[in-house]
file target-v7.txt (compact mmCIF, C-alpha atoms and all ligand atoms)
# COMPACT_ATOMS: atom_id res chain seq x y z
CA MET A 1 20.83 136.16 140.67
CA SER A 2 19.10 133.35 142.43
CA VAL A 3 15.52 133.30 141.37
CA PHE A 4 15.52 130.53 138.79
CA THR A 5 11.84 129.70 139.31
CA THR A 6 9.42 132.61 139.51
CA ILE A 7 6.56 132.53 142.01
CA THR A 8 3.73 135.06 142.03
CA PRO A 9 2.16 136.39 145.25
CA LYS A 10 -1.10 134.74 144.15
CA GLU A 11 0.52 131.31 143.83
CA LEU A 12 2.27 131.69 147.15
CA SER A 13 -0.86 132.87 148.97
CA ALA A 14 -2.65 129.73 147.80
CA TRP A 15 0.32 127.52 148.78
CA LEU A 16 0.56 129.13 152.24
CA LYS A 17 -2.90 127.79 153.04
CA ASN A 18 -1.08 124.47 153.65
CA TYR A 19 0.68 126.16 156.57
CA ALA A 20 -0.29 127.90 159.80
CA LEU A 21 1.76 130.99 158.93
CA GLY A 22 -0.91 133.63 158.39
CA GLU A 23 -1.53 135.66 155.24
CA LEU A 24 1.11 136.74 152.74
CA VAL A 25 2.26 140.36 153.16
CA GLU A 26 5.37 140.50 150.95
CA LEU A 27 7.33 138.25 148.60
CA LYS A 28 10.86 139.27 147.52
CA GLY A 29 13.49 137.33 145.55
CA ILE A 30 16.87 136.91 147.29
CA ALA A 31 19.79 137.66 144.97
CA ALA A 32 22.54 135.85 146.94
CA GLY A 33 23.09 132.10 146.56
CA ILE A 34 23.89 130.12 143.45
CA THR A 35 22.10 126.80 143.56
CA ASN A 36 18.48 127.22 144.58
CA THR A 37 15.68 129.75 144.23
CA ASN A 38 15.27 131.70 147.48
CA TYR A 39 12.56 134.18 148.41
CA ALA A 40 12.11 136.31 151.52
CA VAL A 41 8.49 135.85 152.58
CA THR A 42 6.71 138.10 155.07
CA THR A 43 3.35 137.02 156.42
CA THR A 44 1.05 138.47 159.06
CA GLN A 45 2.93 136.19 161.50
CA GLY A 46 6.58 136.69 160.70
CA LYS A 47 9.40 136.47 158.19
CA TYR A 48 10.62 133.31 156.46
CA VAL A 49 12.85 132.03 153.66
CA LEU A 50 11.23 129.96 150.96
CA THR A 51 13.62 127.66 149.08
CA LEU A 52 12.70 125.93 145.83
CA PHE A 53 15.29 123.25 145.13
CA GLU A 54 16.64 123.38 141.61
CA THR A 55 18.87 120.30 141.61
CA LEU A 56 18.17 118.17 144.69
CA GLN A 57 15.15 115.87 144.40
CA ALA A 58 12.54 115.54 147.16
CA HIS A 59 13.75 112.05 148.12
CA GLU A 60 17.28 113.44 148.69
CA LEU A 61 16.16 116.12 151.13
CA PRO A 62 15.00 114.41 154.34
CA PHE A 63 18.52 113.89 155.79
CA TYR A 64 19.29 117.62 155.51
CA VAL A 65 15.89 119.04 156.40
CA ASN A 66 15.35 116.74 159.38
CA LEU A 67 18.88 117.58 160.51
CA MET A 68 18.14 121.32 160.45
CA ALA A 69 14.94 120.68 162.44
CA HIS A 70 16.84 118.51 164.94
CA LEU A 71 19.61 121.07 165.44
CA ALA A 72 17.21 123.99 165.79
CA HIS A 73 15.22 121.93 168.31
CA HIS A 74 18.47 121.55 170.30
CA GLY A 75 19.11 125.30 170.37
CA ILE A 76 21.64 125.50 167.54
CA ALA A 77 21.42 128.76 165.59
CA CYS A 78 20.37 127.47 162.20
CA ALA A 79 17.56 127.72 159.71
CA ALA A 80 14.59 125.82 161.20
CA PRO A 81 12.17 124.22 158.72
CA ILE A 82 8.46 124.71 159.27
CA ALA A 83 5.99 121.85 158.81
CA ASN A 84 2.85 122.09 156.70
CA GLN A 85 -0.63 121.01 157.83
CA ARG A 86 0.25 117.39 156.94
CA ASP A 87 3.21 117.70 159.35
CA GLU A 88 5.74 117.52 156.50
CA TYR A 89 8.72 119.82 156.02
CA ILE A 90 9.09 119.10 152.31
CA ASP A 91 6.28 120.32 150.06
CA THR A 92 6.04 121.14 146.34
CA LEU A 93 5.65 124.51 144.65
CA ALA A 94 5.92 125.21 140.90
CA GLY A 95 6.96 121.59 140.43
CA ARG A 96 10.00 122.01 142.72
CA PRO A 97 10.62 120.43 146.12
CA THR A 98 10.12 123.34 148.50
CA VAL A 99 10.94 124.12 152.12
CA ILE A 100 10.09 127.16 154.20
CA VAL A 101 12.38 128.06 157.12
CA GLY A 102 12.42 130.78 159.75
CA TRP A 103 14.22 134.02 158.87
CA LEU A 104 17.56 134.40 160.64
CA GLN A 105 19.02 137.72 161.76
CA GLY A 106 22.34 138.80 160.33
CA GLU A 107 24.53 138.71 157.26
CA PRO A 108 27.66 136.92 156.11
CA VAL A 109 30.93 138.69 157.02
CA THR A 110 33.98 139.05 154.78
CA THR A 111 36.68 139.74 157.37
CA PRO A 112 35.65 138.14 160.64
CA THR A 113 36.78 139.48 163.99
CA THR A 114 38.36 137.23 166.62
CA ALA A 115 35.18 137.56 168.70
CA GLN A 116 33.12 136.29 165.76
CA CYS A 117 35.56 133.40 165.25
CA ARG A 118 35.30 132.45 168.91
CA ALA A 119 31.49 132.50 168.78
CA LEU A 120 31.57 130.44 165.59
CA GLY A 121 33.87 127.81 167.10
CA ALA A 122 31.63 127.45 170.14
CA MET A 123 28.47 127.12 168.00
CA LEU A 124 30.13 124.55 165.74
CA ALA A 125 31.12 122.43 168.72
CA GLN A 126 27.59 122.74 170.10
CA MET A 127 26.29 121.60 166.73
CA HIS A 128 28.59 118.55 166.89
CA ARG A 129 27.24 117.78 170.37
CA ALA A 130 23.61 118.21 169.30
CA GLY A 131 24.25 115.96 166.29
CA GLU A 132 25.04 113.02 168.59
CA THR A 133 21.34 112.21 168.92
CA TYR A 134 20.47 112.69 165.24
CA PRO A 135 19.55 109.28 163.79
CA GLY A 136 20.03 110.11 160.07
CA ARG A 137 23.10 108.82 158.25
CA MET A 138 24.83 110.19 155.16
CA ALA A 139 28.23 109.24 153.76
CA ASN A 140 30.44 112.16 152.70
CA PRO A 141 30.08 112.43 148.90
CA ARG A 142 33.33 114.48 148.77
CA GLY A 143 35.61 112.15 150.73
CA PRO A 144 38.95 110.51 149.80
CA VAL A 145 37.41 108.17 147.21
CA TRP A 146 35.87 111.16 145.43
CA TRP A 147 38.94 113.41 145.57
CA THR A 148 41.25 110.62 144.34
CA ALA A 149 38.97 109.80 141.37
CA THR A 150 38.41 113.48 140.57
CA ALA A 151 42.11 114.35 140.75
CA ALA A 152 42.88 111.55 138.27
CA GLU A 153 40.73 113.35 135.69
CA LEU A 154 42.32 116.73 136.39
CA TYR A 155 46.03 116.11 135.83
CA GLY A 156 45.73 116.80 132.10
CA TYR A 157 44.59 120.36 132.85
CA LEU A 158 47.29 121.24 135.40
CA ASP A 159 50.78 122.63 134.99
CA GLU A 160 53.71 120.60 136.30
CA ALA A 161 53.95 122.35 139.66
CA GLU A 162 50.24 122.05 140.34
CA ALA A 163 50.19 118.38 139.34
CA ALA A 164 53.19 117.63 141.58
CA GLN A 165 51.59 119.42 144.52
CA LEU A 166 48.30 117.59 144.01
CA ARG A 167 50.04 114.20 143.80
CA ASN A 168 52.00 115.00 146.91
CA GLU A 169 48.90 115.99 148.91
CA LEU A 170 46.99 112.89 147.79
CA ALA A 171 49.94 110.68 148.72
CA LEU A 172 50.15 112.33 152.13
CA GLN A 173 46.45 111.80 152.84
CA ALA A 174 46.64 108.18 151.64
CA ARG A 175 49.22 107.48 154.37
CA TYR A 176 46.74 108.36 157.12
CA ARG A 177 43.61 106.67 158.42
CA PHE A 178 41.37 108.64 160.73
CA SER A 179 38.72 106.07 161.59
CA HIS A 180 39.78 106.20 165.27
CA LEU A 181 38.82 109.87 165.60
CA PRO A 182 35.43 111.03 166.93
CA SER A 183 32.95 111.39 164.13
CA GLY A 184 29.35 112.53 163.83
CA VAL A 185 27.16 114.96 161.95
CA VAL A 186 29.21 117.67 160.25
CA HIS A 187 28.21 120.69 158.15
CA CYS A 188 31.21 120.28 155.83
CA ASP A 189 30.80 123.65 154.08
CA LEU A 190 30.77 126.20 156.88
CA PHE A 191 32.34 128.97 154.81
CA ARG A 192 31.70 132.63 155.64
CA ASP A 193 28.81 132.77 153.17
CA ASN A 194 27.01 130.01 155.04
CA VAL A 195 26.96 131.76 158.41
CA LEU A 196 24.81 134.79 159.13
CA MET A 197 26.46 136.97 161.78
CA HIS A 198 24.45 139.34 163.90
CA GLY A 199 27.16 141.55 165.37
CA GLU A 200 29.28 139.16 167.38
CA GLN A 201 26.46 136.64 167.74
CA ILE A 202 25.82 133.78 165.36
CA GLY A 203 22.57 134.62 163.55
CA GLY A 204 22.56 131.12 162.13
CA PHE A 205 24.12 128.45 159.97
CA ILE A 206 22.55 127.91 156.55
CA ASP A 207 23.07 125.70 153.49
CA PHE A 208 23.32 122.24 155.05
CA TYR A 209 23.43 120.44 151.70
CA TYR A 210 26.94 119.04 152.16
CA ALA A 211 26.17 117.89 155.72
CA CYS A 212 27.05 114.25 156.35
CA ASN A 213 28.67 111.93 158.87
CA ASP A 214 32.40 112.47 159.07
CA ILE A 215 35.22 113.31 161.47
CA LEU A 216 34.32 116.21 163.73
CA ILE A 217 37.62 118.08 163.57
CA TYR A 218 37.53 117.87 159.76
CA ASP A 219 34.52 120.20 159.97
CA LEU A 220 36.52 122.65 162.12
CA ALA A 221 39.44 122.42 159.66
CA ILE A 222 37.15 123.30 156.72
CA THR A 223 35.80 126.24 158.69
CA LEU A 224 39.26 127.46 159.74
CA ASN A 225 40.66 127.37 156.20
CA ASP A 226 37.95 129.73 155.00
CA TRP A 227 37.42 131.97 158.05
CA CYS A 228 41.07 132.49 158.94
CA ALA A 229 42.99 132.47 155.63
CA GLN A 230 44.57 135.62 154.27
CA GLU A 231 45.21 136.59 150.62
CA GLY A 232 48.50 134.70 150.34
CA GLY A 233 47.16 131.54 151.97
CA GLU A 234 48.70 132.32 155.38
CA ILE A 235 46.42 131.65 158.30
CA ASP A 236 45.67 134.59 160.59
CA ALA A 237 46.88 133.17 163.90
CA ALA A 238 44.68 135.39 166.10
CA ARG A 239 41.50 134.35 164.28
CA ALA A 240 42.53 130.69 164.17
CA GLU A 241 43.32 130.64 167.89
CA ALA A 242 39.98 132.28 168.68
CA LEU A 243 38.09 129.79 166.51
CA CYS A 244 39.83 126.80 168.09
CA ALA A 245 39.48 128.22 171.62
CA GLY A 246 35.75 128.78 171.06
CA TYR A 247 35.41 125.21 169.78
CA GLN A 248 37.39 123.76 172.68
CA SER A 249 35.40 125.75 175.23
CA VAL A 250 32.59 123.31 174.40
CA ARG A 251 34.38 120.26 173.04
CA PRO A 252 38.11 119.98 173.88
CA PHE A 253 40.32 118.03 171.47
CA SER A 254 41.56 114.60 172.54
CA GLN A 255 45.27 113.81 172.13
CA SER A 256 44.51 111.80 168.95
CA GLU A 257 42.68 114.80 167.51
CA ARG A 258 45.60 117.10 168.32
CA ASP A 259 47.98 114.68 166.61
CA ALA A 260 45.78 114.48 163.49
CA TRP A 261 45.06 118.22 163.27
CA PRO A 262 47.88 119.36 160.91
CA VAL A 263 47.03 116.64 158.37
CA MET A 264 43.30 117.34 158.79
CA LEU A 265 43.83 120.99 157.86
CA ARG A 266 45.48 119.78 154.66
CA ALA A 267 42.67 117.28 153.96
CA ALA A 268 40.11 120.06 154.33
CA ALA A 269 42.02 122.33 151.93
CA LEU A 270 42.60 119.50 149.46
CA ARG A 271 38.86 118.75 149.24
CA PHE A 272 38.05 122.32 148.16
CA TRP A 273 41.11 122.68 145.95
CA VAL A 274 39.97 119.62 144.01
CA SER A 275 36.29 120.72 143.77
CA ARG A 276 37.30 124.21 142.63
CA LEU A 277 39.80 122.82 140.10
CA TRP A 278 37.04 120.61 138.77
CA ASP A 279 34.57 123.51 138.46
CA TRP A 280 37.29 125.63 136.87
CA HIS A 281 38.43 123.16 134.24
CA LYS A 282 35.20 121.23 133.70
CA PRO A 283 32.35 123.67 134.35
CA GLN A 284 28.81 122.44 133.90
CA ALA A 285 26.64 124.26 131.37
CA GLY A 286 25.31 127.50 132.86
CA GLU A 287 27.79 127.54 135.76
CA LEU A 288 30.51 129.64 134.13
CA THR A 289 29.83 132.79 136.10
CA PHE A 290 30.06 131.04 139.47
CA ARG A 291 33.54 129.54 139.27
CA LYS A 292 35.54 130.16 142.42
CA ASP A 293 39.31 130.57 142.40
CA PRO A 294 41.05 127.22 143.04
CA ASN A 295 44.40 128.93 143.70
CA VAL A 296 43.17 130.13 147.08
CA PHE A 297 43.27 126.53 148.29
CA GLN A 298 46.53 125.77 146.53
CA ARG A 299 48.10 128.61 148.54
CA ILE A 300 46.48 127.45 151.78
CA LEU A 301 47.82 123.94 151.19
CA ARG A 302 51.29 125.30 150.50
CA HIS A 303 51.12 127.29 153.70
CA HIS A 304 50.05 124.27 155.77
CA ALA A 305 52.74 122.13 154.13
CA THR A 306 55.51 124.56 155.09
CA ARG A 307 54.34 124.58 158.71
CA GLY A 308 54.97 120.84 159.28
CA ASP A 309 53.42 118.59 161.88
CA THR A 310 53.10 120.69 165.01
CA PRO A 311 49.49 121.16 166.09
CA ARG A 312 48.79 124.86 165.66
CA TRP A 313 46.25 127.25 167.12
CA LEU A 314 44.97 124.72 169.66
N1 LIG A 401 17.10 131.36 157.08
C1 LIG A 401 17.58 132.44 156.48
N2 LIG A 401 17.39 133.67 157.05
C2 LIG A 401 17.83 134.79 156.42
N3 LIG A 401 18.45 134.80 155.22
C3 LIG A 401 18.67 133.61 154.63
C4 LIG A 401 18.26 132.38 155.22
N4 LIG A 401 18.60 131.39 154.37
C5 LIG A 401 19.20 131.95 153.32
N5 LIG A 401 19.24 133.29 153.47
C6 LIG A 401 19.78 134.26 152.52
O1 LIG A 401 19.72 133.70 151.24
C7 LIG A 401 21.01 133.68 150.62
C8 LIG A 401 21.16 132.45 149.74
O2 LIG A 401 21.06 131.28 150.52
P1 LIG A 401 21.92 130.00 150.17
O3 LIG A 401 21.46 128.91 151.05
O4 LIG A 401 23.38 130.33 150.20
O5 LIG A 401 21.46 129.74 148.66
P2 LIG A 401 21.95 128.64 147.65
O6 LIG A 401 21.44 127.33 148.18
O7 LIG A 401 21.32 129.02 146.37
O8 LIG A 401 23.47 128.70 147.62
C9 LIG A 401 21.98 133.76 151.77
O9 LIG A 401 23.18 134.38 151.39
C10 LIG A 401 21.23 134.60 152.79
O10 LIG A 401 21.44 135.97 152.51
N1 LIG A 402 32.02 126.59 149.72
C1 LIG A 402 32.56 125.94 148.57
C2 LIG A 402 31.52 125.72 147.52
C3 LIG A 402 30.64 124.56 147.84
O1 LIG A 402 29.39 124.74 147.35
P1 LIG A 402 29.02 124.65 145.81
O2 LIG A 402 27.52 124.48 145.87
O3 LIG A 402 29.45 125.95 145.18
O4 LIG A 402 29.74 123.45 145.25
C4 LIG A 402 33.69 126.75 147.96
O5 LIG A 402 33.78 127.94 148.28
O6 LIG A 402 34.47 126.20 147.16

call {"tool": "encode", "arguments": {"input": "target-v7.txt", "output": "structure tokens"}}
result
Amino acid sequence: MSVFTTITPKELSAWLKNYALGELVELKGIAAGITNTNYAVTTTQGKYVLTLFETLQAHELPFYVNLMAHLAHHGIACAAPIANQRDEYIDTLAGRPTVIVGWLQGEPVTTPTTAQCRALGAMLAQMHRAGETYPGRMANPRGPVWWTATAAELYGYLDEAEAAQLRNELALQARYRFSHLPSGVVHCDLFRDNVLMHGEQIGGFIDFYYACNDILIYDLAITLNDWCAQEGGEIDAARAEALCAGYQSVRPFSQSERDAWPVMLRAAALRFWVSRLWDWHKPQAGELTFRKDPNVFQRILRHHATRGDTPRWL
């Protein structure tokens, strides 16, 4: 359940006077999500999502919130923040930094179709294009420095085979430098639960709180590993081809990107294998029920490793 901070209709009605959104009609907690408190808010003017941030502080939010506003302004399907009467996107409610965004149509899908993958690829590439004019900068907090340091603390919890695989993947990544590849603003967590699908259309991207500046095709690799993987870690070729074709219909890969692609798919899987191993073996207090299975990414990595260096699905 994801209402950690309770808001009453009376409190919200008073707070909404800071906005030009009409009068409150309905306030409903949203059960999905694991980090923040989310409410569906209906007013006499429309429907919105109210997010009260439970861990991020107000001073940490501008990069993400301004990015969402920038992308929405450029036609990208994503949650668009709404400014208050002081022309600020970030306000305070119940002592929490709070943002209200427009309601997006659609729901996350579990088993995407190829048409949905194609639409997703195209929207992701459009997002990368639109990000070119975004002035904010954010280093990736989950990059190679992080995964190397985190892995070092995990070996004691792993069996021999896992430890050997992890060492091998880290050594592989350490042999490559990707600073020559096109980089820009990336979502970096575009899993199925962070995309609302409205039939075959993208309802919108949500949850931009891992967004940062990094290599563009790394973002596509993260997306592919979640949207196209099957139970055993094999990648569904039809979905992967559709995703990559959609992406390349807007932003074709350069030769350097094609060359880097197989290793990038492994980097993207490694990042989430390490974060899930960490959450599994060293959960924070209160997070026990939200642990996600790290083995999914171990299997995906194994699958990529057996497929060698040929660029696939492009
Ligand atoms: N702009 C939006 N429009 C419609 N539904 C949304 C929107 N933003 C979030 N949601 C709903 O709220 C849920 C939780 O949002 P999410 O950002 O994943 O929360 P958390 O930050 O807690 O992980 C989503 O699964 C989705 O159903
Ligand atoms: N999509 C990731 C989880 C990243 O978000 P977090 O807030 O749960 O750390 C995954 O599925 O591992």

call {"tool": "atom_distance", "arguments": {"input": "target-v7.txt", "atom1": "atom CA of A:Leu277", "atom2": "atom CA of A:Gln165"}}
result
13.0 Å

call {"tool": "closest_atom_pairs", "arguments": {"input": "target-v7.txt", "of": "chain A", "to": "ligand LIG 402 (chain A)", "cutoff": "7 Å", "atoms": "only C-alpha atoms and all ligand atoms", "output": "tab-separated table"}}
result
residue	atom	partner	partner_atom	distance
A:Thr35	CA	A:LIG402	O2	6.3
A:Asp189	CA	A:LIG402	N1	5.4
A:Phe191	CA	A:LIG402	N1	5.6
A:Phe272	CA	A:LIG402	O6	5.4
A:Ser275	CA	A:LIG402	O6	6.7
A:Arg276	CA	A:LIG402	O6	5.7
A:Lys292	CA	A:LIG402	O6	6.3

call {"tool": "write_last_selection", "arguments": {"input": "target-v7.txt", "atoms": "C-alpha atoms", "output": "PDB file, keeping the file's coordinate frame"}}
result
ATOM      1  CA  THR A  35      22.100 126.800 143.560  1.00  0.00           C
ATOM      2  CA  ASP A 189      30.800 123.650 154.080  1.00  0.00           C
ATOM      3  CA  PHE A 191      32.340 128.970 154.810  1.00  0.00           C
ATOM      4  CA  PHE A 272      38.050 122.320 148.160  1.00  0.00           C
ATOM      5  CA  SER A 275      36.290 120.720 143.770  1.00  0.00           C
ATOM      6  CA  ARG A 276      37.300 124.210 142.630  1.00  0.00           C
ATOM      7  CA  LYS A 292      35.540 130.160 142.420  1.00  0.00           C
TER       8      LYS A 292
END

call {"tool": "closest_atom_pairs", "arguments": {"input": "target-v7.txt", "of": "chain A", "to": "ligand LIG 401 (chain A)", "cutoff": "10 Å", "atoms": "only C-alpha atoms and all ligand atoms", "output": "Markdown table"}}
result
| residue | atom | partner | partner_atom | distance |
| --- | --- | --- | --- | --- |
| A:Met1 | CA | A:LIG401 | O7 | 9.1 |
| A:Ser2 | CA | A:LIG401 | O7 | 6.3 |
| A:Val3 | CA | A:LIG401 | O7 | 8.8 |
| A:Phe4 | CA | A:LIG401 | O7 | 9.7 |
| A:Gly29 | CA | A:LIG401 | O1 | 9.2 |
| A:Ile30 | CA | A:LIG401 | O1 | 5.8 |
| A:Ala31 | CA | A:LIG401 | C7 | 7.0 |
| A:Ala32 | CA | A:LIG401 | C7 | 4.5 |
| A:Gly33 | CA | A:LIG401 | O5 | 3.6 |
| A:Ile34 | CA | A:LIG401 | O7 | 4.0 |
| A:Thr35 | CA | A:LIG401 | O7 | 3.7 |
| A:Asn36 | CA | A:LIG401 | O7 | 3.8 |
| A:Thr37 | CA | A:LIG401 | O7 | 6.1 |
| A:Asn38 | CA | A:LIG401 | O1 | 6.2 |
| A:Tyr39 | CA | A:LIG401 | O1 | 7.7 |
| A:Ala40 | CA | A:LIG401 | N3 | 7.5 |
| A:Lys47 | CA | A:LIG401 | N2 | 8.5 |
| A:Tyr48 | CA | A:LIG401 | N1 | 6.8 |
| A:Val49 | CA | A:LIG401 | N1 | 5.5 |
| A:Leu50 | CA | A:LIG401 | N4 | 8.2 |
| A:Thr51 | CA | A:LIG401 | O6 | 7.9 |
| A:Leu52 | CA | A:LIG401 | O6 | 9.2 |
| A:Phe53 | CA | A:LIG401 | O6 | 8.0 |
| A:Glu54 | CA | A:LIG401 | O7 | 8.7 |
| A:Thr55 | CA | A:LIG401 | O6 | 10.0 |
| A:Ala77 | CA | A:LIG401 | N1 | 9.9 |
| A:Cys78 | CA | A:LIG401 | N1 | 7.2 |
| A:Ala79 | CA | A:LIG401 | N1 | 4.5 |
| A:Ala80 | CA | A:LIG401 | N1 | 7.3 |
| A:Pro81 | CA | A:LIG401 | N1 | 8.8 |
| A:Ile100 | CA | A:LIG401 | N1 | 8.7 |
| A:Val101 | CA | A:LIG401 | N1 | 5.8 |
| A:Gly102 | CA | A:LIG401 | N1 | 5.4 |
| A:Trp103 | CA | A:LIG401 | N2 | 3.7 |
| A:Leu104 | CA | A:LIG401 | N2 | 3.7 |
| A:Gln105 | CA | A:LIG401 | C2 | 6.2 |
| A:Gly106 | CA | A:LIG401 | C2 | 7.2 |
| A:Glu107 | CA | A:LIG401 | O10 | 6.3 |
| A:Pro108 | CA | A:LIG401 | O9 | 7.0 |
| A:Arg192 | CA | A:LIG401 | O9 | 9.7 |
| A:Asp193 | CA | A:LIG401 | O9 | 6.1 |
| A:Asn194 | CA | A:LIG401 | O4 | 6.1 |
| A:Val195 | CA | A:LIG401 | O9 | 8.4 |
| A:Leu196 | CA | A:LIG401 | C10 | 7.3 |
| A:Gly203 | CA | A:LIG401 | N2 | 8.4 |
| A:Gly204 | CA | A:LIG401 | N1 | 7.4 |
| A:Phe205 | CA | A:LIG401 | N1 | 8.1 |
| A:Ile206 | CA | A:LIG401 | O3 | 5.7 |
| A:Asp207 | CA | A:LIG401 | O3 | 4.3 |
| A:Phe208 | CA | A:LIG401 | O3 | 8.0 |
| A:Tyr209 | CA | A:LIG401 | O6 | 8.0 |

call {"tool": "axis_aligned_box", "arguments": {"input": "target-v7.txt", "around": "stretch 222-225 of chain A", "padding_each_side": "5 Å", "output": "lines of an AutoDock Vina configuration file"}}
result
center_x = 38.2
center_y = 125.4
center_z = 158.0
size_x = 14.9
size_y = 14.2
size_z = 13.5

call {"tool": "atom_distance", "arguments": {"input": "target-v7.txt", "atom1": "atom CA of A:Pro262", "atom2": "atom CA of A:Met123"}}
result
22.1 Å

call {"tool": "closest_residue", "arguments": {"input": "target-v7.txt", "among": "A:Thr148, A:Asn84, A:Thr310, A:Ser13", "to": "A:Val99", "atoms": "only C-alpha atoms"}}
result
A:Asn84

call {"tool": "closest_residue", "arguments": {"input": "target-v7.txt", "among": "A:Ala151, A:Ala245, A:Ala163, A:Cys228", "to": "A:Arg271", "atoms": "all atoms listed in the file"}}
result
A:Ala151

call {"tool": "atom_distance", "arguments": {"input": "target-v7.txt", "atom1": "atom CA of A:Leu24", "atom2": "atom CA of A:Thr8"}}
result
11.2 Å

call {"tool": "closest_residue", "arguments": {"input": "target-v7.txt", "among": "A:His128, A:His281, A:Arg266, A:His70", "to": "A:Tyr176", "atoms": "only C-alpha atoms"}}
result
A:Arg266

call {"tool": "residues_around", "arguments": {"input": "target-v7.txt", "residues": "A:Gln230", "least_positions_apart": "6", "cutoff": "12 Å", "atoms": "all atoms listed in the file", "output": "number ranges by chain"}}
result
A: 110-112, 224, 236-240, 296-297, 299-300, 303

call {"tool": "residues_around", "arguments": {"input": "target-v7.txt", "residues": "stretch 213-215 of chain A", "least_positions_apart": "2", "cutoff": "10 Å", "atoms": "all atoms listed in the file", "output": "list of chain:residue names"}}
result
A:Gly131, A:Gly136, A:Arg137, A:Met138, A:Ala139, A:Asn140, A:Gly143, A:Phe178, A:Ser179, A:His180, A:Leu181, A:Pro182, A:Ser183, A:Gly184, A:Val185, A:Val186, A:His187, A:Cys188, A:Tyr210, A:Ala211, A:Ile217, A:Tyr218, A:Asp219, A:Leu220, A:Glu257, A:Met264

call {"tool": "write_last_selection", "arguments": {"input": "target-v7.txt", "atoms": "C-alpha atoms", "output": "compact mmCIF listing (two decimals), keeping the file's coordinate frame"}}
result
# COMPACT_ATOMS: atom_id res chain seq x y z
CA GLY A 131 24.25 115.96 166.29
CA GLY A 136 20.03 110.11 160.07
CA ARG A 137 23.10 108.82 158.25
CA MET A 138 24.83 110.19 155.16
CA ALA A 139 28.23 109.24 153.76
CA ASN A 140 30.44 112.16 152.70
CA GLY A 143 35.61 112.15 150.73
CA PHE A 178 41.37 108.64 160.73
CA SER A 179 38.72 106.07 161.59
CA HIS A 180 39.78 106.20 165.27
CA LEU A 181 38.82 109.87 165.60
CA PRO A 182 35.43 111.03 166.93
CA SER A 183 32.95 111.39 164.13
CA GLY A 184 29.35 112.53 163.83
CA VAL A 185 27.16 114.96 161.95
CA VAL A 186 29.21 117.67 160.25
CA HIS A 187 28.21 120.69 158.15
CA CYS A 188 31.21 120.28 155.83
CA TYR A 210 26.94 119.04 152.16
CA ALA A 211 26.17 117.89 155.72
CA ILE A 217 37.62 118.08 163.57
CA TYR A 218 37.53 117.87 159.76
CA ASP A 219 34.52 120.20 159.97
CA LEU A 220 36.52 122.65 162.12
CA GLU A 257 42.68 114.80 167.51
CA MET A 264 43.30 117.34 158.79

call {"tool": "closest_residue", "arguments": {"input": "target-v7.txt", "among": "A:Ala130, A:Val41, A:Leu154, A:Leu56", "to": "A:Ala69", "atoms": "all atoms listed in the file"}}
result
A:Ala130

call {"tool": "closest_residue", "arguments": {"input": "target-v7.txt", "among": "A:Asn225, A:Thr133, A:Thr6, A:Thr44", "to": "A:Gly95", "atoms": "only C-alpha atoms"}}
result
A:Thr6

call {"tool": "closest_residue", "arguments": {"input": "target-v7.txt", "among": "A:Asp87, A:Thr114, A:Trp147, A:Ala260", "to": "A:Leu166", "atoms": "all atoms listed in the file"}}
result
A:Trp147

call {"tool": "decode", "arguments": {"input": "target-v7.txt", "residues": "stretch 100-109 of chain A", "atoms": "N, CA and C atoms", "output": "PDB file, in the first residue's frame"}}
result
ATOM      1  N   ILE A 100       1.915  18.024  -7.817  1.00  0.00           N
ATOM      2  CA  ILE A 100       0.673  17.541  -8.439  1.00  0.00           C
ATOM      3  C   ILE A 100       0.889  17.512  -9.952  1.00  0.00           C
ATOM      4  N   VAL A 101       0.555  16.377 -10.564  1.00  0.00           N
ATOM      5  CA  VAL A 101       0.769  16.210 -12.014  1.00  0.00           C
ATOM      6  C   VAL A 101      -0.543  15.809 -12.666  1.00  0.00           C
ATOM      7  N   GLY A 102      -0.610  15.993 -13.974  1.00  0.00           N
ATOM      8  CA  GLY A 102      -1.813  15.614 -14.718  1.00  0.00           C
ATOM      9  C   GLY A 102      -1.983  14.098 -14.723  1.00  0.00           C
ATOM     10  N   TRP A 103      -3.216  13.659 -14.694  1.00  0.00           N
ATOM     11  CA  TRP A 103      -3.550  12.226 -14.749  1.00  0.00           C
ATOM     12  C   TRP A 103      -3.289  11.709 -16.153  1.00  0.00           C
ATOM     13  N   LEU A 104      -2.620  10.561 -16.241  1.00  0.00           N
ATOM     14  CA  LEU A 104      -2.353   9.952 -17.542  1.00  0.00           C
ATOM     15  C   LEU A 104      -3.289   8.771 -17.754  1.00  0.00           C
ATOM     16  N   GLN A 105      -3.716   8.586 -18.997  1.00  0.00           N
ATOM     17  CA  GLN A 105      -4.552   7.439 -19.348  1.00  0.00           C
ATOM     18  C   GLN A 105      -3.698   6.180 -19.355  1.00  0.00           C
ATOM     19  N   GLY A 106      -4.296   5.062 -18.999  1.00  0.00           N
ATOM     20  CA  GLY A 106      -3.616   3.786 -19.194  1.00  0.00           C
ATOM     21  C   GLY A 106      -3.133   3.131 -17.927  1.00  0.00           C
ATOM     22  N   GLU A 107      -2.564   1.939 -18.132  1.00  0.00           N
ATOM     23  CA  GLU A 107      -2.075   1.112 -17.026  1.00  0.00           C
ATOM     24  C   GLU A 107      -0.803   0.401 -17.451  1.00  0.00           C
ATOM     25  N   PRO A 108       0.008  -0.014 -16.471  1.00  0.00           N
ATOM     26  CA  PRO A 108       1.185  -0.812 -16.841  1.00  0.00           C
ATOM     27  C   PRO A 108       0.752  -2.162 -17.430  1.00  0.00           C
ATOM     28  N   VAL A 109       1.551  -2.703 -18.355  1.00  0.00           N
ATOM     29  CA  VAL A 109       1.252  -4.028 -18.921  1.00  0.00           C
ATOM     30  C   VAL A 109       2.270  -5.040 -18.398  1.00  0.00           C
TER      31      VAL A 109
END
